[in-house]
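**Q** What follows is upload_7.txt, compact mmCIF, C-alpha atoms.
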# COMPACT_ATOMS: atom_id res chain seq x y z
CA MET C 1042 11.59 -164.68 -42.30
CA ASN C 1043 11.74 -165.33 -45.96
CA SER C 1044 8.59 -166.40 -47.71
CA LEU C 1045 10.35 -169.00 -49.91
CA ALA C 1046 8.40 -167.50 -52.82
CA GLU C 1047 11.67 -167.14 -54.72
CA TYR C 1048 12.22 -170.92 -54.83
CA SER C 1049 8.66 -171.43 -56.05
CA VAL C 1050 9.21 -168.89 -58.84
CA ILE C 1051 12.38 -170.68 -59.94
CA SER C 1052 10.53 -174.00 -60.03
CA ALA C 1053 7.77 -172.44 -62.16
CA ILE C 1054 10.42 -171.17 -64.59
CA LEU C 1055 12.07 -174.60 -64.85
CA PHE C 1056 8.71 -176.28 -65.46
CA ALA C 1057 7.66 -173.83 -68.17
CA LEU C 1058 11.06 -174.04 -69.91
CA GLY C 1059 10.68 -177.82 -70.01
CA LEU C 1060 7.22 -177.36 -71.50
CA VAL C 1061 8.56 -175.06 -74.22
CA GLY C 1062 11.26 -177.61 -75.03
CA PHE C 1063 8.70 -180.40 -75.14
CA MET C 1064 6.59 -178.50 -77.65
CA THR C 1065 9.30 -177.14 -79.91
CA ARG C 1066 12.00 -179.76 -80.25
CA ARG C 1067 11.69 -182.55 -82.79
CA ASN C 1068 14.40 -184.91 -81.53
CA LEU C 1069 12.83 -187.70 -79.47
CA ILE C 1070 15.70 -187.71 -76.96
CA VAL C 1071 15.51 -183.95 -76.37
CA ILE C 1072 11.72 -184.23 -75.93
CA PHE C 1073 12.25 -186.70 -73.08
CA LEU C 1074 15.05 -184.55 -71.64
CA SER C 1075 12.48 -181.72 -71.50
CA THR C 1076 10.13 -183.88 -69.45
CA GLU C 1077 12.99 -184.55 -67.03
CA LEU C 1078 13.46 -180.77 -66.81
CA MET C 1079 9.79 -180.43 -65.84
CA PHE C 1080 10.34 -183.10 -63.17
CA GLN C 1081 13.19 -181.02 -61.73
CA GLY C 1082 10.90 -177.99 -61.46
CA ILE C 1083 8.21 -180.02 -59.70
CA VAL C 1084 10.66 -181.59 -57.24
CA LEU C 1085 11.95 -178.14 -56.32
CA ASN C 1086 8.39 -176.88 -55.81
CA VAL C 1087 7.37 -179.87 -53.66
CA VAL C 1088 10.42 -179.50 -51.44
CA THR C 1089 9.80 -175.74 -51.15
CA TYR C 1090 6.32 -176.40 -49.81
CA ALA C 1091 7.66 -179.09 -47.48
CA ARG C 1092 10.02 -176.48 -46.04
CA LEU C 1093 7.14 -173.99 -45.88
CA HIS C 1094 5.00 -176.32 -43.78
CA GLY C 1095 7.89 -177.56 -41.72
CA ASN C 1096 7.54 -181.28 -42.42
CA THR C 1097 9.21 -183.87 -44.62
CA ASP C 1098 6.21 -185.07 -46.64
CA GLY C 1099 7.32 -183.09 -49.66
CA GLN C 1100 10.77 -184.63 -49.54
CA ALA C 1101 9.18 -188.09 -49.53
CA PHE C 1102 7.14 -187.04 -52.57
CA GLY C 1103 10.34 -185.86 -54.23
CA LEU C 1104 11.91 -189.25 -53.59
CA PHE C 1105 8.96 -191.03 -55.23
CA MET C 1106 9.13 -188.58 -58.11
CA LEU C 1107 12.73 -189.68 -58.61
CA VAL C 1108 11.45 -193.26 -58.95
CA ILE C 1109 8.86 -192.15 -61.51
CA ALA C 1110 11.55 -190.30 -63.47
CA ALA C 1111 13.74 -193.42 -63.54
CA VAL C 1112 10.80 -195.57 -64.69
CA GLU C 1113 9.88 -193.07 -67.37
CA ALA C 1114 13.47 -192.79 -68.60
CA GLY C 1115 13.86 -196.56 -68.81
CA LEU C 1116 10.67 -197.12 -70.78
CA ALA C 1117 11.14 -194.05 -72.96
CA LEU C 1118 14.68 -194.97 -73.93
CA GLY C 1119 13.61 -198.53 -74.74
CA MET C 1120 10.92 -197.09 -76.97
CA ILE C 1121 13.35 -194.66 -78.60
CA VAL C 1122 15.74 -197.52 -79.42
CA LEU C 1123 12.81 -199.44 -80.97
CA LEU C 1124 11.64 -196.45 -83.02
CA TYR C 1125 15.17 -195.66 -84.16
CA ARG C 1126 15.61 -199.24 -85.37
CA ARG C 1127 12.41 -199.01 -87.39
CA ARG C 1128 13.04 -195.67 -89.07
CA GLY C 1129 16.73 -194.89 -88.74
CA THR C 1130 15.95 -191.40 -87.47
CA LEU C 1131 15.13 -189.73 -84.16
CA ASP C 1132 12.79 -187.21 -85.79
CA ALA C 1133 9.39 -187.20 -84.09
CA GLU C 1134 7.82 -186.07 -87.38
CA ALA C 1135 8.73 -189.44 -88.89
CA TRP C 1136 5.87 -190.85 -86.84
CA SER C 1137 3.38 -188.08 -87.59
CA PHE C 1138 1.04 -190.53 -89.35
CA MET C 1139 0.11 -191.76 -85.87
CA GLN C 1140 -1.81 -188.53 -85.25
CA GLY C 1141 -4.59 -189.98 -87.42
CA MET A 197 2.78 -158.32 -54.40
CA THR A 198 2.39 -154.74 -55.55
CA PRO A 199 1.22 -154.09 -59.13
CA GLU A 200 4.61 -152.55 -59.98
CA THR A 201 6.39 -155.76 -58.96
CA ALA A 202 3.91 -157.84 -60.92
CA TYR A 203 4.47 -155.75 -64.04
CA LEU A 204 8.23 -156.04 -63.60
CA LEU A 205 7.80 -159.82 -63.33
CA TYR A 206 5.74 -159.86 -66.54
CA PHE A 207 8.40 -157.70 -68.22
CA ALA A 208 11.08 -160.20 -67.14
CA PHE A 209 9.09 -163.07 -68.62
CA ALA A 210 8.44 -161.18 -71.86
CA LEU A 211 12.18 -160.54 -72.21
CA GLY A 212 12.92 -164.17 -71.38
CA GLY A 213 10.40 -165.38 -73.95
CA ALA A 214 11.99 -163.23 -76.63
CA GLY A 215 15.41 -164.53 -75.62
CA VAL A 216 14.34 -168.18 -75.82
CA TYR A 217 12.65 -167.50 -79.17
CA PHE A 218 15.89 -166.12 -80.61
CA LEU A 219 17.93 -168.95 -79.08
CA LEU A 220 15.75 -171.81 -80.34
CA PRO A 221 17.27 -173.50 -83.38
CA ARG A 222 15.57 -172.17 -86.49
CA GLY A 223 18.24 -172.86 -89.07
CA GLU A 224 19.81 -169.68 -90.39
CA ALA A 225 17.36 -167.48 -88.49
CA THR A 226 18.85 -168.40 -85.07
CA LYS A 227 20.39 -165.37 -83.40
CA PRO A 228 22.24 -166.54 -80.27
CA ALA A 229 23.79 -163.16 -79.43
CA ILE A 230 20.45 -161.32 -79.41
CA GLY A 231 18.88 -164.17 -77.47
CA ALA A 232 21.63 -164.11 -74.84
CA LEU A 233 21.21 -160.34 -74.48
CA PHE A 234 17.45 -160.68 -73.93
CA GLY A 235 18.06 -163.53 -71.50
CA LEU A 236 20.52 -161.46 -69.47
CA GLY A 237 18.03 -158.60 -69.24
CA SER A 238 15.33 -161.04 -68.18
CA LEU A 239 17.53 -162.51 -65.44
CA ILE A 240 18.35 -159.02 -64.09
CA ALA A 241 14.66 -158.04 -64.02
CA LEU A 242 13.81 -161.34 -62.32
CA ALA A 243 16.51 -160.76 -59.70
CA LEU A 244 15.02 -157.29 -59.03
CA VAL A 245 11.59 -158.85 -58.48
CA LEU A 246 12.93 -161.61 -56.25
CA SER A 247 14.93 -159.14 -54.18
CA THR A 248 11.62 -157.57 -53.12
CA ARG A 249 10.37 -160.98 -51.97
CA ILE A 250 13.47 -161.82 -49.91
CA ILE A 251 12.73 -159.84 -46.80
CA THR A 252 15.69 -160.73 -44.62
CA PRO A 253 18.68 -161.61 -46.78
CA ASP A 254 21.23 -163.87 -45.15
CA HIS A 255 24.24 -165.81 -46.33
CA THR A 256 22.11 -168.31 -48.25
CA THR A 257 20.69 -165.55 -50.44
CA TYR A 258 23.87 -165.25 -52.49
CA TYR A 259 23.95 -169.01 -53.03
CA PHE A 260 20.30 -168.89 -54.06
CA TYR A 261 21.00 -166.25 -56.73
CA LEU A 262 24.09 -168.11 -57.97
CA PHE A 263 22.51 -171.54 -58.27
CA SER A 264 19.17 -170.35 -59.63
CA THR A 265 21.03 -168.42 -62.35
CA ILE A 266 22.97 -171.57 -63.23
CA ALA A 267 19.76 -173.64 -63.22
CA ILE A 268 17.83 -171.27 -65.49
CA ALA A 269 20.71 -170.73 -67.92
CA GLY A 270 21.36 -174.47 -68.08
CA ALA A 271 17.66 -175.19 -68.64
CA VAL A 272 17.56 -172.73 -71.53
CA ARG A 273 20.58 -174.42 -73.08
CA VAL A 274 18.98 -177.85 -72.63
CA ILE A 275 16.03 -176.87 -74.77
CA THR A 276 17.92 -174.70 -77.27
CA HIS A 277 21.15 -176.56 -77.99
CA PRO A 278 21.06 -178.12 -81.47
CA ARG A 279 23.10 -181.18 -80.41
CA PRO A 280 21.45 -183.68 -78.03
CA VAL A 281 24.73 -184.67 -76.37
CA TYR A 282 25.24 -181.12 -75.15
CA SER A 283 21.60 -180.93 -74.09
CA ALA A 284 22.16 -183.98 -71.86
CA LEU A 285 25.36 -182.49 -70.42
CA TYR A 286 23.63 -179.18 -69.70
CA PHE A 287 20.85 -181.14 -68.03
CA ILE A 288 23.40 -182.60 -65.61
CA LEU A 289 24.36 -178.99 -64.80
CA VAL A 290 20.69 -178.20 -64.10
CA VAL A 291 20.40 -181.26 -61.83
CA ILE A 292 23.43 -180.19 -59.82
CA ALA A 293 22.18 -176.60 -59.50
CA VAL A 294 18.71 -177.76 -58.42
CA SER A 295 20.33 -180.10 -55.91
CA ALA A 296 22.23 -177.14 -54.48
CA LEU A 297 18.91 -175.30 -54.13
CA LEU A 298 17.50 -178.38 -52.36
CA VAL A 299 20.42 -178.23 -49.91
CA LEU A 300 19.51 -174.60 -49.23
CA LEU A 301 15.97 -175.84 -48.50
CA GLU A 302 17.38 -178.33 -45.94
CA ALA A 303 16.62 -181.38 -48.09
CA GLU A 304 20.13 -182.82 -48.07
CA PHE A 305 19.18 -186.46 -48.61
CA LEU A 306 16.99 -185.72 -51.62
CA ALA A 307 19.70 -183.49 -53.10
CA VAL A 308 22.36 -186.20 -52.97
CA ALA A 309 19.90 -188.87 -54.15
CA ALA A 310 18.93 -186.69 -57.12
CA ILE A 311 22.56 -186.23 -58.13
CA ILE A 312 23.26 -189.97 -57.88
CA VAL A 313 20.08 -191.09 -59.67
CA TYR A 314 19.91 -188.36 -62.32
CA ALA A 315 23.47 -187.40 -63.10
CA GLY A 316 24.79 -190.87 -62.35
CA ALA A 317 22.24 -193.30 -63.76
CA ILE A 318 19.58 -191.69 -65.94
CA MET A 319 21.91 -189.36 -67.81
CA VAL A 320 24.38 -192.15 -68.57
CA THR A 321 21.52 -194.11 -70.14
CA TYR A 322 20.53 -191.07 -72.18
CA LEU A 323 24.11 -190.63 -73.35
CA PHE A 324 24.26 -194.31 -74.36
CA VAL A 325 21.17 -193.91 -76.51
CA ILE A 326 22.50 -190.71 -78.04
CA MET A 327 25.77 -192.49 -78.91
CA LEU A 328 23.75 -195.37 -80.36
CA ALA A 329 21.99 -193.00 -82.73
CA GLN A 330 25.12 -191.00 -83.46
CA GLN A 331 24.97 -188.75 -86.49
CA THR A 332 27.99 -187.29 -88.16
CA SER A 333 26.49 -183.84 -88.63
CA THR A 334 23.55 -181.98 -87.12
CA PRO A 335 20.46 -183.43 -88.82
CA HIS A 336 17.80 -181.11 -90.17
CA TYR A 337 15.30 -181.94 -87.42
CA ASP A 338 17.71 -180.74 -84.75
CA SER A 339 18.31 -177.40 -86.43
CA ARG A 340 14.61 -176.65 -86.98
CA SER A 341 12.10 -176.14 -84.18
CA ARG A 342 8.42 -176.87 -84.44
CA GLU A 343 6.26 -173.72 -84.03
CA PRO A 344 8.78 -171.81 -81.87
CA LEU A 345 6.72 -168.61 -81.59
CA LEU A 346 3.46 -170.23 -80.46
CA ALA A 347 5.22 -172.62 -78.08
CA VAL A 348 7.25 -169.82 -76.47
CA MET A 349 4.13 -167.69 -76.05
CA ALA A 350 2.14 -170.53 -74.48
CA GLY A 351 4.99 -171.61 -72.23
CA PHE A 352 5.86 -168.14 -70.97
CA VAL A 353 2.24 -167.14 -70.35
CA LEU A 354 1.91 -170.29 -68.24
CA MET A 355 5.19 -169.42 -66.50
CA ALA A 356 3.94 -165.89 -65.69
CA ALA A 357 0.67 -167.28 -64.36
CA ILE A 358 2.27 -169.85 -62.04
CA ALA A 359 5.08 -167.56 -60.92
CA THR A 360 2.75 -164.66 -60.09
CA ARG A 361 0.64 -166.91 -57.89
CA SER A 362 3.74 -168.48 -56.34
CA ALA A 363 5.29 -165.13 -55.52
CA ASP A 364 2.29 -164.29 -53.33
CA ILE A 365 3.08 -166.82 -50.60
CA ALA A 366 2.66 -164.87 -47.40
CA PRO A 367 5.85 -164.63 -45.34
CA SER A 368 3.94 -165.28 -42.12
CA GLN A 369 3.16 -168.82 -43.18
CA VAL A 370 6.79 -169.83 -43.06
CA ALA A 371 7.64 -168.27 -39.71
CA GLY A 372 9.14 -170.87 -37.45
CA ALA A 373 9.22 -173.55 -40.10
CA SER A 374 12.68 -174.70 -39.18
CA THR A 375 11.80 -174.91 -35.49
CA ALA A 376 8.75 -176.97 -36.41
CA LEU A 377 11.03 -179.25 -38.37
CA ASN A 378 13.29 -179.61 -35.38
CA ASN A 379 10.39 -180.20 -32.99
CA ALA A 380 8.77 -182.83 -35.16
CA SER A 381 7.02 -185.47 -33.10
CA PRO A 382 9.48 -188.20 -32.17
CA ILE A 383 8.87 -191.34 -34.16
CA VAL A 384 9.57 -194.55 -32.28
CA LEU A 385 11.48 -196.71 -34.69
CA VAL A 386 12.46 -199.34 -32.16
CA SER A 387 10.08 -199.88 -29.27
CA ASP A 388 11.99 -200.24 -26.05
CA ASP A 389 10.24 -199.85 -22.77
CA ALA A 390 13.17 -200.34 -20.41
CA SER A 391 15.76 -197.70 -21.22
CA GLY A 392 14.99 -194.03 -21.54
CA ASP A 393 18.43 -193.22 -22.85
CA SER A 394 17.91 -194.51 -26.38
CA SER A 395 14.74 -192.46 -26.88
CA THR A 396 16.53 -189.23 -26.08
CA THR A 397 19.31 -190.14 -28.48
CA MET A 398 16.64 -190.90 -31.08
CA ASP A 399 15.13 -187.47 -30.52
CA GLU A 400 18.50 -185.82 -30.92
CA ALA A 401 19.20 -187.82 -34.05
CA LEU A 402 15.80 -186.95 -35.55
CA SER A 403 16.26 -183.27 -34.90
CA SER A 404 19.71 -183.28 -36.43
CA SER A 405 19.38 -185.61 -39.41
CA ASN A 406 17.32 -184.93 -42.49
CA THR A 407 17.89 -188.49 -43.75
CA LEU A 408 16.34 -189.99 -40.61
CA LEU A 409 13.28 -187.76 -40.88
CA VAL A 410 12.72 -188.58 -44.55
CA GLY A 411 13.35 -192.27 -43.92
CA ALA A 412 10.87 -192.36 -41.06
CA SER A 413 8.28 -190.61 -43.23
CA VAL A 414 8.81 -192.97 -46.18
CA MET A 415 8.84 -196.11 -44.04
CA THR A 416 5.80 -195.32 -41.92
CA LYS A 417 3.39 -192.88 -43.51
CA TYR A 418 4.09 -193.66 -47.15
CA VAL A 419 5.05 -197.32 -46.95
CA VAL A 420 2.31 -198.33 -49.41
CA VAL A 421 3.64 -195.83 -51.94
CA LEU A 422 7.10 -197.27 -51.40
CA GLU A 423 5.86 -200.78 -52.23
CA ILE A 424 4.00 -199.52 -55.29
CA SER A 425 7.10 -197.75 -56.57
CA GLY A 426 9.02 -201.01 -56.23
CA ILE A 427 6.41 -202.78 -58.37
CA LEU A 428 6.53 -199.90 -60.83
CA LEU A 429 10.29 -200.25 -61.20
CA LEU A 430 9.91 -203.98 -61.84
CA VAL A 431 7.21 -203.38 -64.48
CA SER A 432 9.38 -200.76 -66.13
CA MET A 433 12.35 -203.13 -66.23
CA VAL A 434 10.29 -205.91 -67.82
CA GLY A 435 8.76 -203.45 -70.27
CA ALA A 436 12.09 -201.98 -71.32
CA ILE A 437 13.57 -205.44 -71.93
CA ALA A 438 10.50 -206.56 -73.88
CA LEU A 439 10.52 -203.39 -75.96
CA SER A 440 14.14 -203.24 -76.98
CA ARG A 441 15.20 -206.90 -77.29
CA LYS A 442 16.35 -208.16 -80.64
CA ARG A 443 14.58 -211.22 -81.99
CA VAL A 444 17.19 -213.83 -82.86
CA PRO A 445 16.08 -216.80 -84.99
CA MET A 446 16.38 -220.26 -83.48
CA GLU A 447 19.44 -222.40 -84.09
CA GLY A 448 19.03 -224.35 -87.32
CA TYR A 449 15.92 -222.43 -88.35
CA ARG A 450 15.87 -221.64 -92.05
CA PRO A 451 12.87 -219.74 -93.28
CA THR A 452 11.44 -221.10 -96.49
CA ALA A 453 12.01 -218.81 -99.43
CA PRO A 454 8.93 -216.78 -100.31
CA PRO A 455 7.38 -217.44 -103.70
CA LEU A 456 8.56 -215.36 -106.62
CA GLY A 457 6.95 -211.97 -106.82
CA GLN A 458 6.51 -211.81 -103.06
CA ILE A 459 10.12 -210.87 -102.25
CA GLY A 460 10.35 -207.39 -100.82
CA LYS A 461 6.61 -206.96 -100.46
CA GLU A 462 6.62 -207.83 -96.77
CA VAL A 463 9.43 -206.53 -94.63
CA GLU A 464 10.44 -208.25 -91.43
CA PRO A 465 10.12 -205.87 -88.51
CA TYR A 466 13.71 -206.54 -87.42
Once more with this new file: its structure as structure tokens, please.
**A**
Amino acid sequence: MNSLAEYSVISAILFALGLVGFMTRRNLIVIFLSTELMFQGIVLNVVTYARLHGNTDGQAFGLFMLVIAAVEAGLALGMIVLLYRRRGTLDAEAWSFMQG
Amino acid sequence: MTPETAYLLYFAFALGGAGVYFLLPRGEATKPAIGALFGLGSLIALALVLSTRIITPDHTTYYFYLFSTIAIAGAVRVITHPRPVYSALYFILVVIAVSALLVLLEAEFLAVAAIIVYAGAIMVTYLFVIMLAQQTSTPHYDSRSREPLLAVMAGFVLMAAIATRSADIAPSQVAGASTALNNASPIVLVSDDASGDSSTTMDEALSSSNTLLVGASVMTKYVVVLEISGILLLVSMVGAIALSRKRVPMEGYRPTAPPLGQIGKEVEPY
């Protein structure tokens, strides 16, 4: 039998790549795309463990994670539209005064 | 996992980190060819490590290698492409590749749902917003990354840590997982006491259909979570409308002119 470790490794790679994108990119849209990439990694991991334990709980979690991703995308894009209207740019550094 | 395999895994991640560092947009200093070369080496080393973890290769192994390569390459392009439109399109590629991996993990319903929700709905919204903020040329903030070296180091050390722990899942734990899935306890969706025929057909359907199993799990065990996610979607809809609406002045409303010397001092938010 396979250990399914390979799927878990792939999900770790996807998550960490999303994290790198979140930290390095300055475009607000690409930052939120990176969070979606992290969601993909987590969904893959959850489903891997569901398969490992032989039940469907992980797939239910993945379904709810899809809902969270949709909620996050809706709110984030509304916010991005608002911020773009205020500043005329998608640069996250344009809002760096908020760091206090 | 033997120490040699662990070191090979660390070597793969070091190569991958160097590749992502060279691929990240840094203005003139971006070197895509060197980055691609490092990335290729990293993928080969990773495949060598994973081949030691796959004990009994079968026909799904080739699909696993194919789709995980597509997923990783697409993910790297999502975070390194200087134009957001292409990042979104590469993300659709990642979603499709991950969905293929989900099919290999016998999660067919979730795979199709992910393609419909992500590639169909969320990505279209992203593309709309990107078109809304369309620039003629690549702006400076897309061609410059913020602290690429530190971010790559942090991200890839985290990746090595998680992946090394993940690669140590014992093969014995998974033995008979698919039979356990098939012998899952029958869930009585419709209570009928008279006929025994329908219960056997329900058992057969449950053992054959992933959608039925997931649906039974969501509708019975996690029904509270289902309700909460419905409320969450409603809240998100209200919030998005409230955030992004345009304030239109009332019909016939004429603001009084500000006194001289005050013009331009206060700017309307819209």
**Q** Using all atoms listed in the file, I'd like every residue of chain C that has an atom within 7 Å of chain A; please write them out as a VMD selection string.
**A** chain C and resid 1042 to 1044 1046 to 1047 1049 to 1051 1053 to 1055 1057 to 1058 1060 to 1062 1064 to 1068 1071 1075 1085 1089 1092 to 1098 1100 to 1101 1104 1108 1111 to 1112 1114 to 1116 1119 to 1120 1122 to 1123 1132
**Q** Pull C-alpha atoms from the residues just selected and write them as a PDB file, keeping the file's coordinate frame.
**A**
ATOM      1  CA  MET C1042      11.590-164.680 -42.300  1.00  0.00           C
ATOM      2  CA  ASN C1043      11.740-165.330 -45.960  1.00  0.00           C
ATOM      3  CA  SER C1044       8.590-166.400 -47.710  1.00  0.00           C
ATOM      4  CA  ALA C1046       8.400-167.500 -52.820  1.00  0.00           C
ATOM      5  CA  GLU C1047      11.670-167.140 -54.720  1.00  0.00           C
ATOM      6  CA  SER C1049       8.660-171.430 -56.050  1.00  0.00           C
ATOM      7  CA  VAL C1050       9.210-168.890 -58.840  1.00  0.00           C
ATOM      8  CA  ILE C1051      12.380-170.680 -59.940  1.00  0.00           C
ATOM      9  CA  ALA C1053       7.770-172.440 -62.160  1.00  0.00           C
ATOM     10  CA  ILE C1054      10.420-171.170 -64.590  1.00  0.00           C
ATOM     11  CA  LEU C1055      12.070-174.600 -64.850  1.00  0.00           C
ATOM     12  CA  ALA C1057       7.660-173.830 -68.170  1.00  0.00           C
ATOM     13  CA  LEU C1058      11.060-174.040 -69.910  1.00  0.00           C
ATOM     14  CA  LEU C1060       7.220-177.360 -71.500  1.00  0.00           C
ATOM     15  CA  VAL C1061       8.560-175.060 -74.220  1.00  0.00           C
ATOM     16  CA  GLY C1062      11.260-177.610 -75.030  1.00  0.00           C
ATOM     17  CA  MET C1064       6.590-178.500 -77.650  1.00  0.00           C
ATOM     18  CA  THR C1065       9.300-177.140 -79.910  1.00  0.00           C
ATOM     19  CA  ARG C1066      12.000-179.760 -80.250  1.00  0.00           C
ATOM     20  CA  ARG C1067      11.690-182.550 -82.790  1.00  0.00           C
ATOM     21  CA  ASN C1068      14.400-184.910 -81.530  1.00  0.00           C
ATOM     22  CA  VAL C1071      15.510-183.950 -76.370  1.00  0.00           C
ATOM     23  CA  SER C1075      12.480-181.720 -71.500  1.00  0.00           C
ATOM     24  CA  LEU C1085      11.950-178.140 -56.320  1.00  0.00           C
ATOM     25  CA  THR C1089       9.800-175.740 -51.150  1.00  0.00           C
ATOM     26  CA  ARG C1092      10.020-176.480 -46.040  1.00  0.00           C
ATOM     27  CA  LEU C1093       7.140-173.990 -45.880  1.00  0.00           C
ATOM     28  CA  HIS C1094       5.000-176.320 -43.780  1.00  0.00           C
ATOM     29  CA  GLY C1095       7.890-177.560 -41.720  1.00  0.00           C
ATOM     30  CA  ASN C1096       7.540-181.280 -42.420  1.00  0.00           C
ATOM     31  CA  THR C1097       9.210-183.870 -44.620  1.00  0.00           C
ATOM     32  CA  ASP C1098       6.210-185.070 -46.640  1.00  0.00           C
ATOM     33  CA  GLN C1100      10.770-184.630 -49.540  1.00  0.00           C
ATOM     34  CA  ALA C1101       9.180-188.090 -49.530  1.00  0.00           C
ATOM     35  CA  LEU C1104      11.910-189.250 -53.590  1.00  0.00           C
ATOM     36  CA  VAL C1108      11.450-193.260 -58.950  1.00  0.00           C
ATOM     37  CA  ALA C1111      13.740-193.420 -63.540  1.00  0.00           C
ATOM     38  CA  VAL C1112      10.800-195.570 -64.690  1.00  0.00           C
ATOM     39  CA  ALA C1114      13.470-192.790 -68.600  1.00  0.00           C
ATOM     40  CA  GLY C1115      13.860-196.560 -68.810  1.00  0.00           C
ATOM     41  CA  LEU C1116      10.670-197.120 -70.780  1.00  0.00           C
ATOM     42  CA  GLY C1119      13.610-198.530 -74.740  1.00  0.00           C
ATOM     43  CA  MET C1120      10.920-197.090 -76.970  1.00  0.00           C
ATOM     44  CA  VAL C1122      15.740-197.520 -79.420  1.00  0.00           C
ATOM     45  CA  LEU C1123      12.810-199.440 -80.970  1.00  0.00           C
ATOM     46  CA  ASP C1132      12.790-187.210 -85.790  1.00  0.00           C
TER      47      ASP C1132
END
**Q** Have a look at atom CA of C:Met1139 and atom CA of C:Arg1126 and let me know their distance in Å, one decimal.
**A**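 Atom CA of C:Arg1126 lies 17.2 Å from atom CA of C:Met1139.
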**Q** Mind checking which residues fall within 12 Å of A:Ala241, counting all atoms listed in the file, ignoring those fewer than 6 positions away in the same chain, and posting them as a PyMOL selection string?
**A** chain A and resi 201-212+234-235+247-248
**Q** One number please: atom CA of C:Leu1078 to atom CA of C:Leu1107, in Å, one decimal.
**A**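 Going from atom CA of C:Leu1078 over to atom CA of C:Leu1107 covers 12.1 Å.
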**Q** Go through C:Phe1105, C:Ala1091, C:Ser1052, C:Gly1129 one by one, measure the shortest atom-to-atom distance of each to C:Met1079 using only C-alpha atoms, and give the residue with the smallest value.
**A** C:Ser1052
**Q** Need to verify the contact set: C:Glu1077, 8 Å, all atoms listed in the file, exclusion of same-chain residues closer than 3 positions in sequence. Can you return it as a list in words?
**A**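 Residues near the query, excluding close chain neighbours: Gly1059, Phe1073, Leu1074, Phe1080, Gln1081 and Ala1110 of chain C.
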